[in-house]
Amino acid sequence: MSQNAHTLQLFFDNPIQQKKAQLVYQYIAAGNTGQAQRWAQELGVASLDDLWDEEWFNPQVVAKPTHLLLCFDTGTSAGLPLRALESLFSHGLRAAVLEVFYDQVGETERMHFDQGRWVARKAFLEAHSQWLTVVEPMGPHSDGGAEADEQSAPHGCSRDPAKPVSVAKLRRDEADRRKQGEEAAQAFIDLARTMGKSGQSPVQGLMAVLLLRAGLKGLLHAVVFTVITVLLFKGLWLWLGLGLVLAITLPLFYMQREHKDLQGDAEDGDAAAQAATG
């Protein structure tokens, strides 16, 4: 079964907070949630849920001289451990490096966090140059030379933001995206149920929705064109008349194009089905 493998390097402001976090995760790994909850409260976190998701599994904890190393696995649909990072940054965590291996696609991604914000790799290392050999250890390579070293270096899979973003905002954005996805899926399910009760095909209902969206898109473009031309150019009635024509023709054009695309997809699907059964 495919899964996502997470590796977190956690750097704390002082060894006491690091030790408390270490005990939290070691007790979780041992299956002793009672003691894990106790040390979470010692760390200053009221609920263990703020540090650990019950859907995570295979926890491993290693205490290093400079930091705490936490590894765990999740399902492929799980999000990033942003809630835990946000809580830790509020209780003694100074910086962190998150590495996720997506087994389903065979890709690795690294993110750098500093003082509660997601930052670029370069900014992270400029602020914490003393940890370069810790977060990016250079292992033995083949005789590929410098080019091979560059390709196998950890920073080759680094994911950097355009500008620093707080972990709290990242978590809100991810929650919003997940909510929108769930709402879209539920809307499609409701549409399918409604169409099924009325004896209509859910596929035809979805096509109708897509055609309506294409028509509204054309109408919006016509309105925007009319407003801009009226404001920027002379000849009010000319542009209003042209805008009215576009308000009729553009929706029809977009709907016709959308219908053509949908028909093409349907024909491709039928051909594939016939080939499979033939």
# chains A, B, ... in the order shown; residues from 1 in each chain; ligands from 1
$ residues_around --residues "Thr226 (chain A)" --least-positions-apart "4" --cutoff "12 Å" --atoms "only C-alpha atoms" --output "count of residues only"
21
$ select_by_dssp --residues "region 55-106 of chain A" --states "helix (DSSP H, G or I)" --output "list in words"
Leu82, Arg83, Ala84, Leu85, Glu86, Ser87, Leu88 and Phe89 of chain A
$ closest_residue --among "A:Thr133, A:Thr108, A:Ser87, A:Thr229" --to "Arg171 (chain A)" --atoms "only C-alpha atoms"
A:Ser87
$ closest_residue --among "A:Arg94, A:Arg83, A:His128, A:Arg38" --to "Phe12 (chain A)" --atoms "only C-alpha atoms"
A:Arg94
$ residues_around --residues "Ala96 (chain A)" --least-positions-apart "4" --cutoff "6 Å" --atoms "only C-alpha atoms" --output "JSON, numbers by chain"
{"A": [9, 10, 11, 113]}
$ write_last_selection --atoms "C-alpha atoms" --output "short mmCIF file (atom, residue, chain, number, x, y, z; two decimals), in the first residue's frame"
data_model
loop_
_atom_site.label_atom_id
_atom_site.label_comp_id
_atom_site.auth_asym_id
_atom_site.auth_seq_id
_atom_site.Cartn_x
_atom_site.Cartn_y
_atom_site.Cartn_z
CA GLN A 9 14.27 17.64 12.04
CA LEU A 10 13.24 19.77 15.02
CA PHE A 11 15.61 22.42 16.46
CA PHE A 113 10.75 26.47 8.61
#
$ select_by_dssp --residues "region 47-152 of chain A" --states "strand (DSSP E)" --output "PyMOL selection string"
chain A and resi 57-63+68-74+93-102+107-114+117-119
$ closest_residue --among "A:Ala29, A:Leu250, A:Val100, A:Leu23" --to "Gln41 (chain A)" --atoms "only C-alpha atoms"
A:Leu23
$ atom_distance --atom1 "CA of Arg110 (chain A)" --atom2 "CA of Leu51 (chain A)"
20.0 Å
$ residues_around --residues "region 75-81 of chain A" --least-positions-apart "4" --cutoff "8 Å" --atoms "only C-alpha atoms" --output "PyMOL selection string"
chain A and resi 2-4+55-56+85+102+104+174
$ write_last_selection --atoms "N, CA, C and O atoms" --output "mmCIF file, in the first residue's frame"
data_model
loop_
_atom_site.group_PDB
_atom_site.id
_atom_site.type_symbol
_atom_site.label_atom_id
_atom_site.label_comp_id
_atom_site.auth_asym_id
_atom_site.auth_seq_id
_atom_site.Cartn_x
_atom_site.Cartn_y
_atom_site.Cartn_z
ATOM 1 N N SER A 2 0.531 2.210 -0.846
ATOM 2 C CA SER A 2 1.312 3.441 -0.924
ATOM 3 C C SER A 2 1.096 4.286 0.328
ATOM 4 O O SER A 2 0.027 4.277 0.930
ATOM 5 N N GLN A 3 2.126 5.018 0.689
ATOM 6 C CA GLN A 3 2.047 5.895 1.856
ATOM 7 C C GLN A 3 3.063 7.015 1.717
ATOM 8 O O GLN A 3 3.949 6.969 0.865
ATOM 9 N N ASN A 4 2.913 8.032 2.554
ATOM 10 C CA ASN A 4 3.849 9.150 2.599
ATOM 11 C C ASN A 4 4.739 8.995 3.831
ATOM 12 O O ASN A 4 4.233 8.804 4.937
ATOM 13 N N GLU A 55 -4.054 9.328 12.801
ATOM 14 C CA GLU A 55 -3.926 8.579 11.555
ATOM 15 C C GLU A 55 -2.459 8.379 11.147
ATOM 16 O O GLU A 55 -2.180 7.665 10.180
ATOM 17 N N TRP A 56 -1.523 9.008 11.867
ATOM 18 C CA TRP A 56 -0.108 8.780 11.594
ATOM 19 C C TRP A 56 0.305 7.446 12.214
ATOM 20 O O TRP A 56 -0.254 7.014 13.238
ATOM 21 N N LEU A 85 3.503 21.405 13.829
ATOM 22 C CA LEU A 85 4.552 22.418 13.720
ATOM 23 C C LEU A 85 4.109 23.738 14.339
ATOM 24 O O LEU A 85 4.893 24.399 15.040
ATOM 25 N N TYR A 102 6.880 10.815 -1.182
ATOM 26 C CA TYR A 102 5.577 10.395 -1.683
ATOM 27 C C TYR A 102 5.767 9.085 -2.452
ATOM 28 O O TYR A 102 6.170 9.078 -3.611
ATOM 29 N N GLN A 104 3.750 7.005 -3.713
ATOM 30 C CA GLN A 104 2.876 6.761 -4.858
ATOM 31 C C GLN A 104 3.482 7.256 -6.167
ATOM 32 O O GLN A 104 3.290 6.665 -7.224
ATOM 33 N N GLU A 174 -4.547 25.235 3.678
ATOM 34 C CA GLU A 174 -4.732 23.815 3.403
ATOM 35 C C GLU A 174 -6.116 23.356 3.840
ATOM 36 O O GLU A 174 -6.774 22.563 3.146
#
$ closest_residue --among "A:Trp118, A:Ala5, A:Asp53, A:Ala40" --to "Lys20 (chain A)" --atoms "only C-alpha atoms"
A:Ala40
